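S.K.: A single structure is presented below for examination.
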Amino acid sequence: MSKKNKIAIFFFFLFLVTGLSFYFGYYKSSYKNIGNISAEVEISSSELVSSFMVNEKHANSIYRGKIIEVVGVIKEITFVNDRNTILLRGDNTYSSVLCDMKLNQTEEIKKLRKGQKIKIKGVCKGFLKDAILLHCMLINTQIDE
């Protein structure tokens with residue numbers, strides 16, 4: 001077997017392994033039945049944002065990839081490109097908890113209002129400008145102030 005063939009086969013297997021890792025690590029972790037899975041952490045939106053802003057590496061080790069329940073006050077609700085998103089207030093005006101909601105939550109989301117205190121469960125994916133939660137669902141919309 002020539003050296004060129006060996007290199008081509010090596011890169012083919014490298015590409016295959018990388019693709020499979022992505023597929024099983026990210027795509028397959030869709031958490032379709034998140035309602036049936038217990039949260040590993042319960043935290044307020046302010047505490048979650050603060051912990052990422054103080055030490056992102058440490059916060060990632062605690063929250064990233066875990067199902068968490070977050071209690072917070074609605075800053076904004078958007079319905080764009082077939083995505084329903086709720087922003088929960090953080091400690092400062094520039095950072096929030098961005099909750100990408102499951103599509104089956106649309107009717108419940110439409111009943112919410114800005115300034116309302118709610119509890120959401122989702123998978124924490126880390127921090128960009130906001131703490132990011134995916135596959136979210138409403139847990140409680142009747143929280144006393």
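Labels for the structure tokens follow display order: chains A, B, ..., residues from 1 in each chain, ligands from 1.
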From chain A, collect each residue whose DSSP state is helix (DSSP H, G or I) and return the set as number ranges by chain.
M.R.: A: 3-27, 34-36, 45-54, 56-63, 103-110
S.K.: Dump N, CA and C atoms for the selected residues as a short mmCIF file (atom, residue, chain, number, x, y, z; two decimals), in the first residue's frame?
M.R.:
```cif
data_model
loop_
_atom_site.label_atom_id
_atom_site.label_comp_id
_atom_site.auth_asym_id
_atom_site.auth_seq_id
_atom_site.Cartn_x
_atom_site.Cartn_y
_atom_site.Cartn_z
N LYS A 3 2.14 5.21 0.30
CA LYS A 3 2.07 6.20 1.38
C LYS A 3 0.85 7.10 1.22
N LYS A 4 0.49 7.47 -0.01
CA LYS A 4 -0.68 8.31 -0.27
C LYS A 4 -1.96 7.61 0.18
N ASN A 5 -2.07 6.32 -0.11
CA ASN A 5 -3.26 5.57 0.31
C ASN A 5 -3.37 5.48 1.82
N LYS A 6 -2.25 5.28 2.48
CA LYS A 6 -2.25 5.21 3.94
C LYS A 6 -2.71 6.53 4.55
N ILE A 7 -2.24 7.63 3.99
CA ILE A 7 -2.63 8.96 4.48
C ILE A 7 -4.12 9.20 4.23
N ALA A 8 -4.59 8.82 3.05
CA ALA A 8 -6.01 8.99 2.72
C ALA A 8 -6.88 8.17 3.67
N ILE A 9 -6.49 6.95 3.94
CA ILE A 9 -7.26 6.10 4.86
C ILE A 9 -7.23 6.68 6.27
N PHE A 10 -6.08 7.19 6.70
CA PHE A 10 -5.98 7.80 8.02
C PHE A 10 -6.95 8.97 8.15
N PHE A 11 -6.96 9.87 7.15
CA PHE A 11 -7.85 11.02 7.22
C PHE A 11 -9.32 10.62 7.10
N PHE A 12 -9.60 9.58 6.34
CA PHE A 12 -10.98 9.09 6.26
C PHE A 12 -11.45 8.62 7.63
N PHE A 13 -10.64 7.82 8.33
CA PHE A 13 -11.02 7.34 9.66
C PHE A 13 -11.08 8.48 10.68
N LEU A 14 -10.18 9.44 10.56
CA LEU A 14 -10.22 10.59 11.44
C LEU A 14 -11.53 11.36 11.25
N PHE A 15 -11.92 11.58 9.99
CA PHE A 15 -13.18 12.25 9.68
C PHE A 15 -14.36 11.45 10.21
N LEU A 16 -14.34 10.14 10.03
CA LEU A 16 -15.42 9.27 10.49
C LEU A 16 -15.56 9.32 12.01
N VAL A 17 -14.46 9.22 12.73
CA VAL A 17 -14.49 9.27 14.19
C VAL A 17 -14.98 10.62 14.69
N THR A 18 -14.52 11.69 14.06
CA THR A 18 -14.97 13.04 14.44
C THR A 18 -16.46 13.19 14.20
N GLY A 19 -16.94 12.73 13.06
CA GLY A 19 -18.37 12.81 12.75
C GLY A 19 -19.22 12.02 13.72
N LEU A 20 -18.80 10.81 14.03
CA LEU A 20 -19.55 9.99 14.98
C LEU A 20 -19.53 10.59 16.39
N SER A 21 -18.41 11.16 16.77
CA SER A 21 -18.33 11.82 18.08
C SER A 21 -19.30 12.97 18.16
N PHE A 22 -19.34 13.77 17.12
CA PHE A 22 -20.29 14.89 17.09
C PHE A 22 -21.72 14.38 17.14
N TYR A 23 -22.02 13.37 16.34
CA TYR A 23 -23.39 12.84 16.27
C TYR A 23 -23.85 12.33 17.63
N PHE A 24 -23.04 11.51 18.27
CA PHE A 24 -23.45 10.93 19.54
C PHE A 24 -23.28 11.89 20.71
N GLY A 25 -22.36 12.83 20.59
CA GLY A 25 -22.13 13.76 21.69
C GLY A 25 -23.08 14.93 21.72
N TYR A 26 -23.50 15.40 20.58
CA TYR A 26 -24.33 16.60 20.53
C TYR A 26 -25.71 16.34 19.94
N TYR A 27 -25.75 15.80 18.75
CA TYR A 27 -27.01 15.64 18.05
C TYR A 27 -27.94 14.66 18.76
N ILE A 34 -37.41 15.44 28.51
CA ILE A 34 -36.82 16.19 29.60
C ILE A 34 -37.78 16.31 30.79
N GLY A 35 -39.08 16.26 30.52
CA GLY A 35 -40.07 16.33 31.59
C GLY A 35 -39.99 15.16 32.54
N ASN A 36 -39.49 14.03 32.07
CA ASN A 36 -39.38 12.83 32.89
C ASN A 36 -38.03 12.70 33.59
N SER A 45 -31.90 32.58 38.21
CA SER A 45 -31.25 33.10 37.00
C SER A 45 -30.11 34.04 37.35
N SER A 46 -30.28 34.86 38.38
CA SER A 46 -29.22 35.79 38.80
C SER A 46 -27.98 35.04 39.26
N GLU A 47 -28.18 33.99 40.05
CA GLU A 47 -27.04 33.21 40.55
C GLU A 47 -26.32 32.49 39.41
N LEU A 48 -27.09 31.97 38.44
CA LEU A 48 -26.48 31.26 37.32
C LEU A 48 -25.62 32.20 36.49
N VAL A 49 -26.15 33.35 36.14
CA VAL A 49 -25.39 34.32 35.34
C VAL A 49 -24.16 34.78 36.12
N SER A 50 -24.34 35.10 37.40
CA SER A 50 -23.21 35.56 38.23
C SER A 50 -22.11 34.52 38.29
N SER A 51 -22.48 33.25 38.46
CA SER A 51 -21.45 32.23 38.59
C SER A 51 -20.64 32.11 37.29
N PHE A 52 -21.29 32.26 36.13
CA PHE A 52 -20.55 32.23 34.87
C PHE A 52 -19.67 33.46 34.71
N MET A 53 -20.16 34.61 35.14
CA MET A 53 -19.38 35.84 34.98
C MET A 53 -18.18 35.88 35.92
N VAL A 54 -18.30 35.31 37.10
CA VAL A 54 -17.21 35.31 38.07
C VAL A 54 -16.11 34.32 37.66
N GLU A 56 -16.09 31.43 34.65
CA GLU A 56 -16.76 30.64 33.61
C GLU A 56 -16.29 29.18 33.59
N LYS A 57 -15.02 28.97 33.77
CA LYS A 57 -14.49 27.60 33.74
C LYS A 57 -15.08 26.76 34.87
N HIS A 58 -15.13 27.32 36.06
CA HIS A 58 -15.70 26.61 37.21
C HIS A 58 -17.21 26.38 37.01
N ALA A 59 -17.92 27.40 36.52
CA ALA A 59 -19.36 27.27 36.28
C ALA A 59 -19.64 26.20 35.23
N ASN A 60 -18.83 26.14 34.19
CA ASN A 60 -18.99 25.09 33.17
C ASN A 60 -18.85 23.71 33.79
N SER A 61 -17.92 23.57 34.71
CA SER A 61 -17.72 22.26 35.34
C SER A 61 -18.91 21.86 36.21
N ILE A 62 -19.64 22.83 36.70
CA ILE A 62 -20.81 22.54 37.56
C ILE A 62 -22.09 22.35 36.74
N TYR A 63 -22.33 23.20 35.74
CA TYR A 63 -23.63 23.26 35.08
C TYR A 63 -23.67 22.70 33.66
N LEU A 103 -40.76 23.16 21.21
CA LEU A 103 -41.85 23.68 20.39
C LEU A 103 -43.23 23.36 20.96
N ASN A 104 -43.37 22.29 21.73
CA ASN A 104 -44.68 21.95 22.30
C ASN A 104 -45.08 22.88 23.44
N GLN A 105 -44.26 23.86 23.76
CA GLN A 105 -44.52 24.80 24.84
C GLN A 105 -45.14 26.12 24.35
N THR A 106 -45.38 26.26 23.06
CA THR A 106 -45.80 27.52 22.45
C THR A 106 -47.04 28.12 23.09
N GLU A 107 -48.08 27.33 23.27
CA GLU A 107 -49.34 27.86 23.81
C GLU A 107 -49.16 28.35 25.25
N GLU A 108 -48.39 27.64 26.04
CA GLU A 108 -48.12 28.07 27.42
C GLU A 108 -47.29 29.35 27.45
N ILE A 109 -46.33 29.45 26.55
CA ILE A 109 -45.46 30.63 26.49
C ILE A 109 -46.28 31.88 26.13
N LYS A 110 -47.24 31.72 25.25
CA LYS A 110 -48.08 32.85 24.84
C LYS A 110 -48.87 33.44 26.00
#
```
S.K.: May I have all residues of stretch 58-133 of chain A that DSSP, computed from the backbone, assigns to strand (DSSP E or B), given as a short mmCIF file (atom, residue, chain, number, x, y, z; two decimals) with all heavy atoms, in the first residue's frame?
M.R.:
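In the end it all went to result_32.cif:
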```
data_model
loop_
_atom_site.label_atom_id
_atom_site.label_comp_id
_atom_site.auth_asym_id
_atom_site.auth_seq_id
_atom_site.Cartn_x
_atom_site.Cartn_y
_atom_site.Cartn_z
N ILE A 67 -28.98 18.91 33.38
CA ILE A 67 -30.35 19.41 33.38
C ILE A 67 -30.52 20.23 34.65
O ILE A 67 -30.28 19.73 35.76
CB ILE A 67 -31.35 18.25 33.34
CG1 ILE A 67 -31.19 17.50 32.02
CG2 ILE A 67 -32.77 18.78 33.50
CD1 ILE A 67 -32.03 16.25 31.91
N ILE A 68 -30.90 21.49 34.47
CA ILE A 68 -31.05 22.38 35.61
C ILE A 68 -32.42 23.05 35.59
O ILE A 68 -33.04 23.21 34.54
CB ILE A 68 -29.93 23.44 35.68
CG1 ILE A 68 -29.96 24.38 34.49
CG2 ILE A 68 -28.57 22.77 35.78
CD1 ILE A 68 -28.96 25.53 34.59
N GLU A 69 -32.90 23.41 36.77
CA GLU A 69 -34.12 24.20 36.92
C GLU A 69 -33.70 25.60 37.32
O GLU A 69 -32.90 25.77 38.24
CB GLU A 69 -35.04 23.61 37.97
CG GLU A 69 -35.75 22.37 37.52
CD GLU A 69 -36.74 21.83 38.53
OE1 GLU A 69 -36.98 22.47 39.58
OE2 GLU A 69 -37.27 20.74 38.27
N VAL A 70 -34.23 26.58 36.60
CA VAL A 70 -33.87 27.97 36.85
C VAL A 70 -35.13 28.76 37.16
O VAL A 70 -36.11 28.69 36.43
CB VAL A 70 -33.16 28.59 35.62
CG1 VAL A 70 -32.81 30.04 35.86
CG2 VAL A 70 -31.92 27.79 35.26
N VAL A 71 -35.09 29.51 38.27
CA VAL A 71 -36.18 30.41 38.63
C VAL A 71 -35.72 31.81 38.31
O VAL A 71 -34.61 32.22 38.67
CB VAL A 71 -36.51 30.31 40.14
CG1 VAL A 71 -37.54 31.34 40.53
CG2 VAL A 71 -36.98 28.92 40.49
N GLY A 72 -36.58 32.56 37.60
CA GLY A 72 -36.21 33.92 37.26
C GLY A 72 -37.39 34.72 36.75
O GLY A 72 -38.48 34.21 36.56
N VAL A 73 -37.12 36.00 36.53
CA VAL A 73 -38.13 36.95 36.05
C VAL A 73 -37.93 37.13 34.55
O VAL A 73 -36.82 37.33 34.08
CB VAL A 73 -37.99 38.29 36.79
CG1 VAL A 73 -38.95 39.32 36.23
CG2 VAL A 73 -38.21 38.09 38.29
N ILE A 74 -39.04 37.06 33.81
CA ILE A 74 -38.98 37.18 32.36
C ILE A 74 -38.55 38.58 31.95
O ILE A 74 -39.16 39.57 32.33
CB ILE A 74 -40.34 36.84 31.72
CG1 ILE A 74 -40.72 35.39 32.01
CG2 ILE A 74 -40.31 37.09 30.21
CD1 ILE A 74 -42.12 35.02 31.57
N LYS A 75 -37.50 38.64 31.16
CA LYS A 75 -37.00 39.89 30.60
C LYS A 75 -37.58 40.12 29.20
O LYS A 75 -37.91 41.24 28.83
CB LYS A 75 -35.47 39.82 30.54
CG LYS A 75 -34.77 41.02 29.98
CD LYS A 75 -33.26 40.79 30.05
CE LYS A 75 -32.48 41.95 29.48
NZ LYS A 75 -31.03 41.71 29.60
N GLU A 76 -37.70 39.01 28.44
CA GLU A 76 -38.17 39.12 27.06
C GLU A 76 -38.64 37.75 26.58
O GLU A 76 -38.12 36.72 27.00
CB GLU A 76 -37.02 39.61 26.18
CG GLU A 76 -37.37 39.86 24.75
CD GLU A 76 -36.17 40.38 23.95
OE1 GLU A 76 -35.19 40.87 24.55
OE2 GLU A 76 -36.22 40.25 22.72
N ILE A 77 -39.64 37.75 25.69
CA ILE A 77 -40.13 36.54 25.05
C ILE A 77 -40.11 36.79 23.54
O ILE A 77 -40.60 37.82 23.08
CB ILE A 77 -41.56 36.19 25.49
CG1 ILE A 77 -41.63 36.00 27.01
CG2 ILE A 77 -42.07 34.94 24.77
CD1 ILE A 77 -43.04 35.88 27.55
N THR A 78 -39.53 35.85 22.77
CA THR A 78 -39.52 36.01 21.31
C THR A 78 -39.99 34.74 20.62
O THR A 78 -39.79 33.63 21.12
CB THR A 78 -38.11 36.36 20.79
OG1 THR A 78 -37.21 35.31 21.13
CG2 THR A 78 -37.61 37.66 21.35
N PHE A 79 -40.63 34.94 19.47
CA PHE A 79 -41.07 33.86 18.60
C PHE A 79 -40.51 34.16 17.21
O PHE A 79 -41.14 34.83 16.41
CB PHE A 79 -42.61 33.81 18.54
CG PHE A 79 -43.27 33.62 19.87
CD1 PHE A 79 -43.70 34.70 20.62
CD2 PHE A 79 -43.46 32.35 20.38
CE1 PHE A 79 -44.31 34.52 21.84
CE2 PHE A 79 -44.07 32.16 21.60
CZ PHE A 79 -44.50 33.24 22.33
N VAL A 80 -39.31 33.68 16.92
CA VAL A 80 -38.64 33.99 15.66
C VAL A 80 -38.14 32.69 15.02
O VAL A 80 -37.55 31.84 15.71
CB VAL A 80 -37.44 34.95 15.89
CG1 VAL A 80 -36.71 35.23 14.59
CG2 VAL A 80 -37.91 36.24 16.53
N ARG A 83 -38.69 29.31 16.52
CA ARG A 83 -38.01 29.10 17.81
C ARG A 83 -38.69 29.98 18.83
O ARG A 83 -38.98 31.14 18.58
CB ARG A 83 -36.53 29.48 17.74
CG ARG A 83 -35.70 28.78 16.72
CD ARG A 83 -35.65 27.29 16.77
NE ARG A 83 -35.36 26.74 18.07
CZ ARG A 83 -35.53 25.46 18.38
NH1 ARG A 83 -35.98 24.62 17.49
NH2 ARG A 83 -35.23 25.03 19.57
N ASN A 84 -38.97 29.41 19.99
CA ASN A 84 -39.54 30.16 21.10
C ASN A 84 -38.45 30.35 22.13
O ASN A 84 -37.86 29.38 22.60
CB ASN A 84 -40.71 29.39 21.72
CG ASN A 84 -41.76 29.03 20.69
OD1 ASN A 84 -42.02 29.78 19.78
ND2 ASN A 84 -42.36 27.86 20.85
N THR A 85 -38.18 31.60 22.47
CA THR A 85 -37.09 31.89 23.39
C THR A 85 -37.57 32.79 24.51
O THR A 85 -38.29 33.76 24.27
CB THR A 85 -35.94 32.60 22.64
OG1 THR A 85 -35.54 31.79 21.54
CG2 THR A 85 -34.75 32.83 23.55
N ILE A 86 -37.19 32.44 25.73
CA ILE A 86 -37.47 33.27 26.90
C ILE A 86 -36.14 33.70 27.49
O ILE A 86 -35.26 32.86 27.71
CB ILE A 86 -38.29 32.50 27.95
CG1 ILE A 86 -39.65 32.10 27.38
CG2 ILE A 86 -38.45 33.33 29.22
CD1 ILE A 86 -40.49 31.23 28.31
N LEU A 87 -35.99 35.00 27.73
CA LEU A 87 -34.81 35.51 28.44
C LEU A 87 -35.21 35.78 29.88
O LEU A 87 -36.19 36.49 30.14
CB LEU A 87 -34.32 36.82 27.81
CG LEU A 87 -33.62 36.71 26.47
CD1 LEU A 87 -33.28 38.10 25.95
CD2 LEU A 87 -32.37 35.89 26.57
N LEU A 88 -34.45 35.23 30.82
CA LEU A 88 -34.66 35.49 32.24
C LEU A 88 -33.59 36.47 32.71
O LEU A 88 -32.42 36.34 32.33
CB LEU A 88 -34.57 34.20 33.05
CG LEU A 88 -35.58 33.11 32.69
CD1 LEU A 88 -35.31 31.86 33.53
CD2 LEU A 88 -37.00 33.60 32.91
N ARG A 89 -33.98 37.43 33.51
CA ARG A 89 -33.05 38.46 33.99
C ARG A 89 -31.90 37.86 34.78
O ARG A 89 -32.06 36.95 35.58
CB ARG A 89 -33.77 39.45 34.90
CG ARG A 89 -34.72 40.34 34.17
CD ARG A 89 -35.30 41.38 35.11
NE ARG A 89 -36.39 42.06 34.45
CZ ARG A 89 -37.47 42.50 35.06
NH1 ARG A 89 -37.60 42.35 36.36
NH2 ARG A 89 -38.42 43.10 34.38
N SER A 96 -28.19 37.53 30.57
CA SER A 96 -29.44 36.89 30.98
C SER A 96 -29.27 35.39 30.90
O SER A 96 -28.19 34.90 30.59
CB SER A 96 -30.58 37.30 30.03
OG SER A 96 -30.66 38.68 29.90
N VAL A 97 -30.36 34.67 31.15
CA VAL A 97 -30.40 33.24 30.88
C VAL A 97 -31.28 33.09 29.64
O VAL A 97 -32.46 33.45 29.67
CB VAL A 97 -30.97 32.43 32.06
CG1 VAL A 97 -31.06 30.96 31.69
CG2 VAL A 97 -30.12 32.62 33.31
N LEU A 98 -30.70 32.61 28.55
CA LEU A 98 -31.43 32.41 27.31
C LEU A 98 -31.97 30.99 27.30
O LEU A 98 -31.20 30.03 27.32
CB LEU A 98 -30.49 32.63 26.12
CG LEU A 98 -31.14 32.61 24.74
CD1 LEU A 98 -30.42 33.57 23.83
CD2 LEU A 98 -31.19 31.24 24.16
N CYS A 99 -33.30 30.87 27.28
CA CYS A 99 -33.96 29.56 27.33
C CYS A 99 -34.60 29.28 25.98
O CYS A 99 -35.59 29.92 25.62
CB CYS A 99 -35.02 29.55 28.42
SG CYS A 99 -34.40 30.01 30.05
N ASP A 100 -34.03 28.34 25.25
CA ASP A 100 -34.59 27.92 23.97
C ASP A 100 -35.62 26.84 24.28
O ASP A 100 -35.27 25.73 24.67
CB ASP A 100 -33.48 27.39 23.06
CG ASP A 100 -33.99 27.03 21.69
OD1 ASP A 100 -34.63 27.88 21.06
OD2 ASP A 100 -33.74 25.88 21.25
N MET A 101 -36.90 27.19 24.09
CA MET A 101 -38.00 26.34 24.54
C MET A 101 -38.33 25.25 23.53
O MET A 101 -38.17 25.43 22.32
CB MET A 101 -39.23 27.20 24.79
CG MET A 101 -39.00 28.36 25.76
SD MET A 101 -38.46 27.87 27.40
CE MET A 101 -39.94 27.09 28.00
N LYS A 117 -42.50 35.94 37.23
CA LYS A 117 -41.50 35.03 37.78
C LYS A 117 -41.91 33.59 37.47
O LYS A 117 -43.04 33.20 37.76
CB LYS A 117 -41.37 35.23 39.29
CG LYS A 117 -40.20 34.52 39.92
CD LYS A 117 -40.05 34.92 41.37
CE LYS A 117 -38.81 34.34 41.99
NZ LYS A 117 -38.68 34.72 43.41
N ILE A 118 -41.00 32.84 36.84
CA ILE A 118 -41.30 31.48 36.42
C ILE A 118 -40.14 30.54 36.73
O ILE A 118 -39.04 30.98 37.08
CB ILE A 118 -41.61 31.41 34.91
CG1 ILE A 118 -40.41 31.87 34.08
CG2 ILE A 118 -42.85 32.21 34.56
CD1 ILE A 118 -40.55 31.65 32.58
N LYS A 119 -40.40 29.24 36.57
CA LYS A 119 -39.36 28.22 36.70
C LYS A 119 -39.31 27.43 35.40
O LYS A 119 -40.34 27.00 34.89
CB LYS A 119 -39.65 27.27 37.86
CG LYS A 119 -38.54 26.23 38.09
CD LYS A 119 -38.92 25.18 39.12
CE LYS A 119 -38.76 25.72 40.51
NZ LYS A 119 -38.93 24.65 41.53
N ILE A 120 -38.10 27.25 34.89
CA ILE A 120 -37.86 26.55 33.62
C ILE A 120 -36.82 25.46 33.86
O ILE A 120 -35.87 25.65 34.62
CB ILE A 120 -37.36 27.54 32.55
CG1 ILE A 120 -38.48 28.49 32.16
CG2 ILE A 120 -36.81 26.82 31.34
CD1 ILE A 120 -38.09 29.54 31.14
N LYS A 121 -37.02 24.34 33.17
CA LYS A 121 -36.03 23.26 33.22
C LYS A 121 -35.45 23.08 31.83
O LYS A 121 -36.17 23.09 30.83
CB LYS A 121 -36.68 21.95 33.68
CG LYS A 121 -35.71 20.79 33.74
CD LYS A 121 -36.18 19.54 34.45
CE LYS A 121 -37.54 19.04 34.16
NZ LYS A 121 -37.79 17.70 34.73
N GLY A 122 -34.11 22.96 31.75
CA GLY A 122 -33.44 22.77 30.47
C GLY A 122 -32.02 22.26 30.64
O GLY A 122 -31.55 22.07 31.76
N VAL A 123 -31.38 22.05 29.53
CA VAL A 123 -30.00 21.56 29.52
C VAL A 123 -29.06 22.75 29.36
O VAL A 123 -29.14 23.48 28.38
CB VAL A 123 -29.77 20.56 28.37
CG1 VAL A 123 -28.34 20.05 28.38
CG2 VAL A 123 -30.75 19.42 28.43
N CYS A 124 -28.18 22.93 30.32
CA CYS A 124 -27.23 24.04 30.26
C CYS A 124 -26.13 23.70 29.26
O CYS A 124 -25.50 22.66 29.35
CB CYS A 124 -26.63 24.30 31.63
SG CYS A 124 -25.51 25.71 31.65
N LYS A 125 -25.92 24.61 28.31
CA LYS A 125 -24.89 24.40 27.29
C LYS A 125 -23.70 25.31 27.46
O LYS A 125 -22.76 25.24 26.67
CB LYS A 125 -25.49 24.58 25.89
CG LYS A 125 -26.43 23.46 25.50
CD LYS A 125 -25.69 22.15 25.44
CE LYS A 125 -26.56 21.02 24.98
NZ LYS A 125 -25.84 19.76 24.88
N GLY A 126 -23.73 26.19 28.47
CA GLY A 126 -22.59 27.06 28.69
C GLY A 126 -22.97 28.52 28.66
O GLY A 126 -24.11 28.89 28.90
N PHE A 127 -21.97 29.36 28.35
CA PHE A 127 -22.14 30.80 28.45
C PHE A 127 -21.48 31.48 27.26
O PHE A 127 -20.34 31.20 26.93
CB PHE A 127 -21.49 31.29 29.75
CG PHE A 127 -21.72 32.73 30.06
CD1 PHE A 127 -22.90 33.14 30.64
CD2 PHE A 127 -20.74 33.67 29.79
CE1 PHE A 127 -23.12 34.48 30.95
CE2 PHE A 127 -20.94 35.01 30.09
CZ PHE A 127 -22.13 35.42 30.68
N ALA A 131 -26.19 32.93 29.70
CA ALA A 131 -26.18 31.50 30.01
C ALA A 131 -27.18 30.86 29.06
O ALA A 131 -28.28 31.37 28.87
CB ALA A 131 -26.57 31.26 31.46
N ILE A 132 -26.81 29.74 28.44
CA ILE A 132 -27.64 29.12 27.41
C ILE A 132 -28.25 27.82 27.93
O ILE A 132 -27.54 26.94 28.37
CB ILE A 132 -26.81 28.79 26.14
CG1 ILE A 132 -25.99 29.99 25.68
CG2 ILE A 132 -27.69 28.22 25.04
CD1 ILE A 132 -26.79 31.16 25.19
N LEU A 133 -29.59 27.74 27.84
CA LEU A 133 -30.31 26.51 28.17
C LEU A 133 -31.07 26.07 26.93
O LEU A 133 -31.76 26.88 26.30
CB LEU A 133 -31.31 26.73 29.30
CG LEU A 133 -30.81 26.50 30.72
CD1 LEU A 133 -29.83 27.58 31.11
CD2 LEU A 133 -31.95 26.46 31.68
#
```
S.K.: Which residue, A:Ser44, A:Lys129, A:Ser38, A:Leu112, has the smallest gap to A:Thr93 when you use only C-alpha atoms?
M.R.: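 When distances to A:Thr93 are compared using only C-alpha atoms, the smallest one comes from A:Lys129.
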S.K.: Choose the residue, out of A:Ser2, A:Gly65, A:Cys136, A:Thr141, that has the smallest atom-to-atom separation from A:Arg113; count only C-alpha atoms.
M.R.: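 Of all the options, A:Thr141 lies closest to A:Arg113.
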S.K.: What's the separation between atom CA of A:Asn92 and atom CA of A:Leu128, in Å to one decimal place?
M.R.: 14.6 Å
